[in-house]
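Quick look at target18.pdb (PDB, C-alpha atoms):
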MODEL        1
ATOM      1  CA  MET A   1       4.342 -16.414  -2.370  1.00  0.00           C
ATOM      2  CA  LEU A   2       8.003 -15.695  -2.897  1.00  0.00           C
ATOM      3  CA  ASN A   3       9.794 -13.070  -0.836  1.00  0.00           C
ATOM      4  CA  ILE A   4      12.857 -10.963  -1.462  1.00  0.00           C
ATOM      5  CA  GLY A   5      15.905 -12.503   0.200  1.00  0.00           C
ATOM      6  CA  GLN A   6      14.820 -16.116  -0.094  1.00  0.00           C
ATOM      7  CA  GLN A   7      16.484 -18.648  -2.379  1.00  0.00           C
ATOM      8  CA  ALA A   8      15.072 -18.481  -5.911  1.00  0.00           C
ATOM      9  CA  PRO A   9      13.371 -21.723  -6.961  1.00  0.00           C
ATOM     10  CA  GLU A  10      15.850 -23.767  -9.011  1.00  0.00           C
ATOM     11  CA  PHE A  11      14.848 -24.924 -12.457  1.00  0.00           C
ATOM     12  CA  THR A  12      16.089 -26.652 -15.579  1.00  0.00           C
ATOM     13  CA  LEU A  13      14.133 -26.007 -18.774  1.00  0.00           C
ATOM     14  CA  MET A  14      14.595 -26.415 -22.515  1.00  0.00           C
ATOM     15  CA  ASP A  15      15.572 -23.251 -24.346  1.00  0.00           C
ATOM     16  CA  HIS A  16      14.572 -22.134 -27.839  1.00  0.00           C
ATOM     17  CA  ASN A  17      17.391 -24.314 -29.235  1.00  0.00           C
ATOM     18  CA  SER A  18      16.094 -27.376 -27.318  1.00  0.00           C
ATOM     19  CA  GLN A  19      19.109 -27.247 -24.981  1.00  0.00           C
ATOM     20  CA  GLU A  20      18.764 -27.618 -21.214  1.00  0.00           C
ATOM     21  CA  VAL A  21      19.359 -24.447 -19.233  1.00  0.00           C
ATOM     22  CA  SER A  22      19.425 -24.277 -15.426  1.00  0.00           C
ATOM     23  CA  LEU A  23      19.290 -21.278 -13.148  1.00  0.00           C
ATOM     24  CA  ALA A  24      22.376 -22.748 -11.437  1.00  0.00           C
ATOM     25  CA  ASP A  25      24.318 -22.261 -14.700  1.00  0.00           C
ATOM     26  CA  PHE A  26      24.448 -18.556 -13.892  1.00  0.00           C
ATOM     27  CA  LYS A  27      25.784 -18.582 -10.302  1.00  0.00           C
ATOM     28  CA  GLY A  28      27.989 -15.539  -9.843  1.00  0.00           C
ATOM     29  CA  GLN A  29      25.831 -13.404 -12.130  1.00  0.00           C
ATOM     30  CA  LYS A  30      22.579 -11.584 -11.623  1.00  0.00           C
ATOM     31  CA  VAL A  31      19.708 -13.141 -13.561  1.00  0.00           C
ATOM     32  CA  LEU A  32      16.556 -11.401 -14.701  1.00  0.00           C
ATOM     33  CA  VAL A  33      13.980 -14.185 -14.896  1.00  0.00           C
ATOM     34  CA  TYR A  34      10.992 -12.732 -16.660  1.00  0.00           C
ATOM     35  CA  PHE A  35       7.725 -14.574 -17.162  1.00  0.00           C
ATOM     36  CA  TYR A  36       5.511 -13.586 -20.074  1.00  0.00           C
ATOM     37  CA  PRO A  37       2.202 -15.040 -21.299  1.00  0.00           C
ATOM     38  CA  ARG A  38       2.878 -16.039 -24.901  1.00  0.00           C
ATOM     39  CA  ALA A  39       5.535 -15.664 -27.580  1.00  0.00           C
ATOM     40  CA  SER A  40       4.795 -13.531 -30.636  1.00  0.00           C
ATOM     41  CA  THR A  41       1.803 -11.725 -29.124  1.00  0.00           C
ATOM     42  CA  PRO A  42       1.841  -7.908 -29.301  1.00  0.00           C
ATOM     43  CA  GLY A  43       2.580  -7.119 -25.628  1.00  0.00           C
ATOM     44  CA  CYS A  44       5.119  -9.907 -25.255  1.00  0.00           C
ATOM     45  CA  THR A  45       6.875  -8.777 -28.434  1.00  0.00           C
ATOM     46  CA  VAL A  46       7.126  -5.180 -27.178  1.00  0.00           C
ATOM     47  CA  GLN A  47       8.517  -6.402 -23.856  1.00  0.00           C
ATOM     48  CA  ALA A  48      11.046  -8.774 -25.456  1.00  0.00           C
ATOM     49  CA  CYS A  49      12.235  -6.177 -27.962  1.00  0.00           C
ATOM     50  CA  GLY A  50      12.787  -3.637 -25.174  1.00  0.00           C
ATOM     51  CA  LEU A  51      14.995  -6.134 -23.375  1.00  0.00           C
ATOM     52  CA  ARG A  52      16.733  -7.045 -26.657  1.00  0.00           C
ATOM     53  CA  ASP A  53      17.564  -3.399 -27.344  1.00  0.00           C
ATOM     54  CA  HIS A  54      19.058  -2.932 -23.855  1.00  0.00           C
ATOM     55  CA  GLN A  55      21.041  -6.169 -23.484  1.00  0.00           C
ATOM     56  CA  ALA A  56      24.362  -4.299 -23.650  1.00  0.00           C
ATOM     57  CA  GLU A  57      23.366  -2.190 -20.633  1.00  0.00           C
ATOM     58  CA  LEU A  58      22.156  -5.261 -18.743  1.00  0.00           C
ATOM     59  CA  SER A  59      25.389  -7.108 -19.553  1.00  0.00           C
ATOM     60  CA  ARG A  60      27.473  -4.194 -18.244  1.00  0.00           C
ATOM     61  CA  LEU A  61      25.551  -4.589 -14.984  1.00  0.00           C
ATOM     62  CA  ASN A  62      26.395  -8.351 -14.935  1.00  0.00           C
ATOM     63  CA  VAL A  63      22.768  -9.341 -15.641  1.00  0.00           C
ATOM     64  CA  VAL A  64      21.711 -12.318 -17.757  1.00  0.00           C
ATOM     65  CA  THR A  65      18.161 -12.319 -19.134  1.00  0.00           C
ATOM     66  CA  LEU A  66      16.008 -15.462 -19.219  1.00  0.00           C
ATOM     67  CA  GLY A  67      12.462 -15.274 -20.561  1.00  0.00           C
ATOM     68  CA  ILE A  68      10.024 -18.034 -19.558  1.00  0.00           C
ATOM     69  CA  SER A  69       6.649 -18.886 -21.072  1.00  0.00           C
ATOM     70  CA  ALA A  70       4.529 -22.001 -21.535  1.00  0.00           C
ATOM     71  CA  ASP A  71       5.327 -22.083 -25.261  1.00  0.00           C
ATOM     72  CA  LYS A  72       7.064 -25.068 -26.871  1.00  0.00           C
ATOM     73  CA  PRO A  73      10.727 -24.619 -27.851  1.00  0.00           C
ATOM     74  CA  SER A  74       9.761 -24.531 -31.547  1.00  0.00           C
ATOM     75  CA  ALA A  75       7.462 -21.527 -30.968  1.00  0.00           C
ATOM     76  CA  LEU A  76      10.206 -19.835 -28.947  1.00  0.00           C
ATOM     77  CA  ALA A  77      12.714 -20.416 -31.772  1.00  0.00           C
ATOM     78  CA  LYS A  78      10.390 -18.685 -34.245  1.00  0.00           C
ATOM     79  CA  PHE A  79       9.961 -15.769 -31.833  1.00  0.00           C
ATOM     80  CA  VAL A  80      13.728 -15.436 -31.352  1.00  0.00           C
ATOM     81  CA  ASP A  81      14.360 -15.566 -35.100  1.00  0.00           C
ATOM     82  CA  LYS A  82      11.579 -13.182 -36.096  1.00  0.00           C
ATOM     83  CA  GLN A  83      12.466 -10.570 -33.450  1.00  0.00           C
ATOM     84  CA  ASP A  84      16.255 -11.162 -33.515  1.00  0.00           C
ATOM     85  CA  LEU A  85      16.279 -11.673 -29.757  1.00  0.00           C
ATOM     86  CA  ASN A  86      19.702 -11.821 -28.088  1.00  0.00           C
ATOM     87  CA  PHE A  87      18.866 -13.672 -24.884  1.00  0.00           C
ATOM     88  CA  LEU A  88      17.524 -17.102 -23.936  1.00  0.00           C
ATOM     89  CA  LEU A  89      13.857 -18.014 -23.955  1.00  0.00           C
ATOM     90  CA  LEU A  90      12.860 -21.065 -21.924  1.00  0.00           C
ATOM     91  CA  SER A  91       9.899 -23.403 -22.305  1.00  0.00           C
ATOM     92  CA  ASP A  92       7.787 -24.304 -19.271  1.00  0.00           C
ATOM     93  CA  VAL A  93       5.041 -26.302 -20.987  1.00  0.00           C
ATOM     94  CA  SER A  94       4.206 -28.146 -17.742  1.00  0.00           C
ATOM     95  CA  HIS A  95       3.892 -24.824 -15.812  1.00  0.00           C
ATOM     96  CA  GLU A  96       5.956 -26.277 -12.948  1.00  0.00           C
ATOM     97  CA  VAL A  97       8.425 -23.385 -12.835  1.00  0.00           C
ATOM     98  CA  CYS A  98       5.623 -20.857 -13.290  1.00  0.00           C
ATOM     99  CA  GLU A  99       3.836 -22.430 -10.333  1.00  0.00           C
ATOM    100  CA  ALA A 100       7.023 -22.454  -8.217  1.00  0.00           C
ATOM    101  CA  TYR A 101       7.393 -18.708  -8.847  1.00  0.00           C
ATOM    102  CA  GLY A 102       3.686 -18.072  -8.231  1.00  0.00           C
ATOM    103  CA  VAL A 103       2.959 -16.617 -11.672  1.00  0.00           C
ATOM    104  CA  TRP A 104       0.583 -19.364 -12.924  1.00  0.00           C
ATOM    105  CA  GLN A 105      -2.742 -17.886 -11.860  1.00  0.00           C
ATOM    106  CA  LEU A 106      -6.387 -17.524 -12.773  1.00  0.00           C
ATOM    107  CA  LYS A 107      -6.691 -14.605 -15.183  1.00  0.00           C
ATOM    108  CA  LYS A 108      -9.755 -12.748 -16.437  1.00  0.00           C
ATOM    109  CA  PHE A 109      -9.837 -11.373 -19.966  1.00  0.00           C
ATOM    110  CA  MET A 110     -12.887 -10.140 -21.878  1.00  0.00           C
ATOM    111  CA  GLY A 111     -15.269 -11.837 -19.456  1.00  0.00           C
ATOM    112  CA  ARG A 112     -13.504 -15.190 -19.608  1.00  0.00           C
ATOM    113  CA  GLU A 113     -11.403 -16.882 -16.953  1.00  0.00           C
ATOM    114  CA  ASN A 114      -8.491 -19.193 -17.592  1.00  0.00           C
ATOM    115  CA  MET A 115      -5.179 -20.161 -16.061  1.00  0.00           C
ATOM    116  CA  GLY A 116      -2.151 -18.386 -17.426  1.00  0.00           C
ATOM    117  CA  ILE A 117       1.075 -16.549 -16.708  1.00  0.00           C
ATOM    118  CA  VAL A 118       0.835 -13.260 -14.860  1.00  0.00           C
ATOM    119  CA  ARG A 119       3.572 -11.053 -16.289  1.00  0.00           C
ATOM    120  CA  THR A 120       6.210 -10.799 -13.527  1.00  0.00           C
ATOM    121  CA  SER A 121      10.002 -10.553 -13.391  1.00  0.00           C
ATOM    122  CA  PHE A 122      12.416 -11.668 -10.702  1.00  0.00           C
ATOM    123  CA  LEU A 123      15.959 -10.421 -10.191  1.00  0.00           C
ATOM    124  CA  VAL A 124      18.100 -13.224  -8.806  1.00  0.00           C
ATOM    125  CA  ASP A 125      21.393 -12.157  -7.224  1.00  0.00           C
ATOM    126  CA  GLU A 126      24.819 -13.727  -7.662  1.00  0.00           C
ATOM    127  CA  GLN A 127      24.179 -16.177  -4.804  1.00  0.00           C
ATOM    128  CA  GLY A 128      20.826 -17.348  -6.187  1.00  0.00           C
ATOM    129  CA  ASN A 129      18.594 -15.312  -3.865  1.00  0.00           C
ATOM    130  CA  LEU A 130      15.663 -13.152  -4.921  1.00  0.00           C
ATOM    131  CA  ALA A 131      16.872  -9.559  -4.938  1.00  0.00           C
ATOM    132  CA  HIS A 132      13.770  -7.896  -6.376  1.00  0.00           C
ATOM    133  CA  ILE A 133      10.344  -8.694  -7.812  1.00  0.00           C
ATOM    134  CA  PHE A 134       9.010  -6.534 -10.650  1.00  0.00           C
ATOM    135  CA  ASP A 135       5.236  -6.736 -11.009  1.00  0.00           C
ATOM    136  CA  GLN A 136       4.234  -3.120 -11.645  1.00  0.00           C
ATOM    137  CA  PHE A 137       5.226  -2.141 -15.170  1.00  0.00           C
ATOM    138  CA  LYS A 138       3.937  -1.812 -18.707  1.00  0.00           C
ATOM    139  CA  THR A 139       5.356  -4.011 -21.454  1.00  0.00           C
ATOM    140  CA  LYS A 140       6.837  -0.982 -23.218  1.00  0.00           C
ATOM    141  CA  ASP A 141       8.735   0.238 -20.133  1.00  0.00           C
ATOM    142  CA  HIS A 142       9.688  -3.077 -18.490  1.00  0.00           C
ATOM    143  CA  HIS A 143      13.353  -2.684 -19.482  1.00  0.00           C
ATOM    144  CA  GLU A 144      13.419   0.875 -18.082  1.00  0.00           C
ATOM    145  CA  VAL A 145      11.968  -0.227 -14.736  1.00  0.00           C
ATOM    146  CA  VAL A 146      14.573  -3.004 -14.473  1.00  0.00           C
ATOM    147  CA  LEU A 147      17.489  -0.781 -15.521  1.00  0.00           C
ATOM    148  CA  ASN A 148      16.430   2.030 -13.156  1.00  0.00           C
ATOM    149  CA  TYR A 149      16.377  -0.419 -10.249  1.00  0.00           C
ATOM    150  CA  LEU A 150      19.764  -1.908 -11.186  1.00  0.00           C
ATOM    151  CA  GLN A 151      21.391   1.517 -11.576  1.00  0.00           C
ATOM    152  CA  GLN A 152      20.098   2.620  -8.173  1.00  0.00           C
ATOM    153  CA  GLU A 153      21.583  -0.503  -6.620  1.00  0.00           C
ATOM    154  CA  ALA A 154      24.958  -0.134  -8.369  1.00  0.00           C
TER     155      ALA A 154
ENDMDL
END

Can you give me the file's structure in the form of structure tokens?
Amino acid sequence: MLNIGQQAPEFTLMDHNSQEVSLADFKGQKVLVYFYPRASTPGCTVQACGLRDHQAELSRLNVVTLGISADKPSALAKFVDKQDLNFLLLSDVSHEVCEAYGVWQLKKFMGRENMGIVRTSFLVDEQGNLAHIFDQFKTKDHHEVVLNYLQQEA
């Protein structure tokens, strides 16, 4: 279990353009690392579009957004193109980063159990430490919850 104040687990993953992206690339900026179950599904689309529509506000607060799922880069590229997303999506097909952040868990849905990503977001501060963990939100208000926290801290 990760705790606020500890160093965020480092990672390097392929983005939707099949380019390597590391958390360390963003030292000196806040990073919203948000984990979502699957690209192009209804809830994940609502969540991503909310973040897309508020990127200017996040940028003004010195926050970079990185979305992580277990989708392949090609699926992420389609999602970015179809929804005109303006932030990076990263592919964690092996689930290693999801496991490091504790979001790869047993989930129950319609009487079935399977392993998957539990929707959670982490705010990483300028020094690479966990500043906040967001795990109580709806997909449609995720961006509001994040922005409200950031504005209170500003």

Point to revise | Test item: the PyMOL selection byres ((chain A and resi 103) around 7) resolved as a list in words | key: Cys98, Glu99, Tyr101, Gly102, Trp104, Gln105, Ile117, Val118 and Thr120 of chain A

Name the residues in contact with A:Phe134 at a cut-off of 12 Å, using all atoms listed in the file, excluding same-chain residues fewer than 6 positions from it; report them as number ranges by chain. A: 3-4, 32-35, 103, 118-124, 141-150

key: Reference answer for the PyMOL selection byres ((chain A and resi 7) around 10), as a list in words   =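 Answer for the PyMOL selection byres ((chain A and resi 7) around 10): Leu2, Asn3, Ile4, Gly5, Gln6, Ala8, Pro9, Glu10, Val124, Asp125, Gln127, Gly128, Asn129, Leu130 and Ala131 of chain A.
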
Can I get the selected residues back with C-alpha atoms, as a compact mmCIF listing (two decimals), in the coordinates of the input?
# COMPACT_ATOMS: atom_id res chain seq x y z
CA LEU A 2 8.00 -15.70 -2.90
CA ASN A 3 9.79 -13.07 -0.84
CA ILE A 4 12.86 -10.96 -1.46
CA GLY A 5 15.90 -12.50 0.20
CA GLN A 6 14.82 -16.12 -0.09
CA ALA A 8 15.07 -18.48 -5.91
CA PRO A 9 13.37 -21.72 -6.96
CA GLU A 10 15.85 -23.77 -9.01
CA VAL A 124 18.10 -13.22 -8.81
CA ASP A 125 21.39 -12.16 -7.22
CA GLN A 127 24.18 -16.18 -4.80
CA GLY A 128 20.83 -17.35 -6.19
CA ASN A 129 18.59 -15.31 -3.86
CA LEU A 130 15.66 -13.15 -4.92
CA ALA A 131 16.87 -9.56 -4.94

Could you jot down the atom CA of A:Pro42 to atom CA of A:Lys82 separation for me, Å, one decimal place?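 The value is 13.0 Å.
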
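Between atom CA of A:Phe87 and atom CA of A:Ala48 the interatomic distance comes to 9.2 Å.
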
Exercise. Could you list the residues chosen by the PyMOL selection byres ((chain A and resi 21) around 12) in this structure as a PyMOL selection string?
Key: chain A and resi 10-20+22-26+66-68+88-92

Students should find that atom CA of A:Pro37 and atom CA of A:Gly116 are spaced 6.7 Å

A:Lys140: which residues within 10 Å, counting all atoms listed in the file, same-chain residues fewer than 4 positions away excluded, as a list in words?
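Near A:Lys140, the qualifying residues are Gly43, Cys44, Thr45, Val46, Gln47, Ala48, Cys49, Gly50, Leu51, Glu144 and Val145 of chain A.
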
Axis-aligned box for stretch 22-29 of chain A, 4 Å per side, centre and edges in Å as lines of an AutoDock Vina configuration file:
center_x = 23.6
center_y = -18.8
center_z = -12.6
size_x = 16.7
size_y = 18.9
size_z = 13.6

The residue from A:Asn62, A:Gln55, A:Ser40, A:Asn114 with the smallest atom-to-atom distance to A:Phe79, counting only C-alpha atoms, is A:Ser40

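Distances here use only C-alpha atoms; by that measure, the residue among A:Ala154, A:Leu85, A:Val80, A:Val93 closest to A:His54 is A:Leu85.
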
Review point. Pick from A:Lys138, A:Lys30, A:Lys108, A:Arg38: nearest to A:Pro73, with only C-alpha atoms counted?
Key: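 Between A:Lys138, A:Lys30, A:Lys108, A:Arg38, the residue approaching A:Pro73 most closely is A:Arg38.
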
Write stretch 84-103 of chain A as an mmCIF file, in the frame of the given file, completed to N, CA and C atoms.
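Listing of result26.cif after writing:
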data_model
loop_
_atom_site.group_PDB
_atom_site.id
_atom_site.type_symbol
_atom_site.label_atom_id
_atom_site.label_comp_id
_atom_site.auth_asym_id
_atom_site.auth_seq_id
_atom_site.Cartn_x
_atom_site.Cartn_y
_atom_site.Cartn_z
ATOM 1 N N ASP A 84 14.798 -11.262 -33.690
ATOM 2 C CA ASP A 84 16.255 -11.162 -33.515
ATOM 3 C C ASP A 84 16.621 -10.965 -32.041
ATOM 4 N N LEU A 85 16.029 -11.787 -31.195
ATOM 5 C CA LEU A 85 16.279 -11.673 -29.757
ATOM 6 C C LEU A 85 17.670 -12.184 -29.407
ATOM 7 N N ASN A 86 18.309 -11.538 -28.440
ATOM 8 C CA ASN A 86 19.702 -11.821 -28.088
ATOM 9 C C ASN A 86 19.838 -12.330 -26.651
ATOM 10 N N PHE A 87 18.826 -13.044 -26.197
ATOM 11 C CA PHE A 87 18.866 -13.672 -24.884
ATOM 12 C C PHE A 87 18.057 -14.967 -24.971
ATOM 13 N N LEU A 88 18.169 -15.789 -23.924
ATOM 14 C CA LEU A 88 17.524 -17.102 -23.936
ATOM 15 C C LEU A 88 16.054 -17.029 -23.558
ATOM 16 N N LEU A 89 15.252 -17.793 -24.300
ATOM 17 C CA LEU A 89 13.857 -18.014 -23.955
ATOM 18 C C LEU A 89 13.719 -19.475 -23.555
ATOM 19 N N LEU A 90 13.001 -19.724 -22.468
ATOM 20 C CA LEU A 90 12.860 -21.065 -21.924
ATOM 21 C C LEU A 90 11.404 -21.507 -21.952
ATOM 22 N N SER A 91 11.220 -22.801 -22.166
ATOM 23 C CA SER A 91 9.899 -23.403 -22.305
ATOM 24 C C SER A 91 9.479 -24.114 -21.028
ATOM 25 N N ASP A 92 8.358 -23.673 -20.463
ATOM 26 C CA ASP A 92 7.787 -24.304 -19.271
ATOM 27 C C ASP A 92 6.386 -24.815 -19.605
ATOM 28 N N VAL A 93 6.319 -25.770 -20.516
ATOM 29 C CA VAL A 93 5.041 -26.302 -20.987
ATOM 30 C C VAL A 93 4.235 -26.902 -19.841
ATOM 31 N N SER A 94 4.895 -27.502 -18.871
ATOM 32 C CA SER A 94 4.206 -28.146 -17.742
ATOM 33 C C SER A 94 3.753 -27.144 -16.675
ATOM 34 N N HIS A 95 4.211 -25.904 -16.761
ATOM 35 C CA HIS A 95 3.892 -24.824 -15.812
ATOM 36 C C HIS A 95 4.508 -25.015 -14.432
ATOM 37 N N GLU A 96 5.384 -26.006 -14.271
ATOM 38 C CA GLU A 96 5.956 -26.277 -12.948
ATOM 39 C C GLU A 96 6.779 -25.113 -12.416
ATOM 40 N N VAL A 97 7.600 -24.513 -13.277
ATOM 41 C CA VAL A 97 8.425 -23.385 -12.835
ATOM 42 C C VAL A 97 7.531 -22.164 -12.596
ATOM 43 N N CYS A 98 6.569 -21.959 -13.481
ATOM 44 C CA CYS A 98 5.623 -20.857 -13.290
ATOM 45 C C CYS A 98 4.908 -20.992 -11.946
ATOM 46 N N GLU A 99 4.507 -22.205 -11.606
ATOM 47 C CA GLU A 99 3.836 -22.430 -10.333
ATOM 48 C C GLU A 99 4.791 -22.206 -9.161
ATOM 49 N N ALA A 100 6.040 -22.642 -9.294
ATOM 50 C CA ALA A 100 7.023 -22.454 -8.217
ATOM 51 C C ALA A 100 7.267 -20.966 -7.947
ATOM 52 N N TYR A 101 7.183 -20.147 -8.995
ATOM 53 C CA TYR A 101 7.393 -18.708 -8.847
ATOM 54 C C TYR A 101 6.086 -17.956 -8.572
ATOM 55 N N GLY A 102 4.973 -18.679 -8.560
ATOM 56 C CA GLY A 102 3.686 -18.072 -8.231
ATOM 57 C C GLY A 102 3.064 -17.240 -9.328
ATOM 58 N N VAL A 103 3.481 -17.432 -10.577
ATOM 59 C CA VAL A 103 2.959 -16.617 -11.672
ATOM 60 C C VAL A 103 1.893 -17.337 -12.504
#
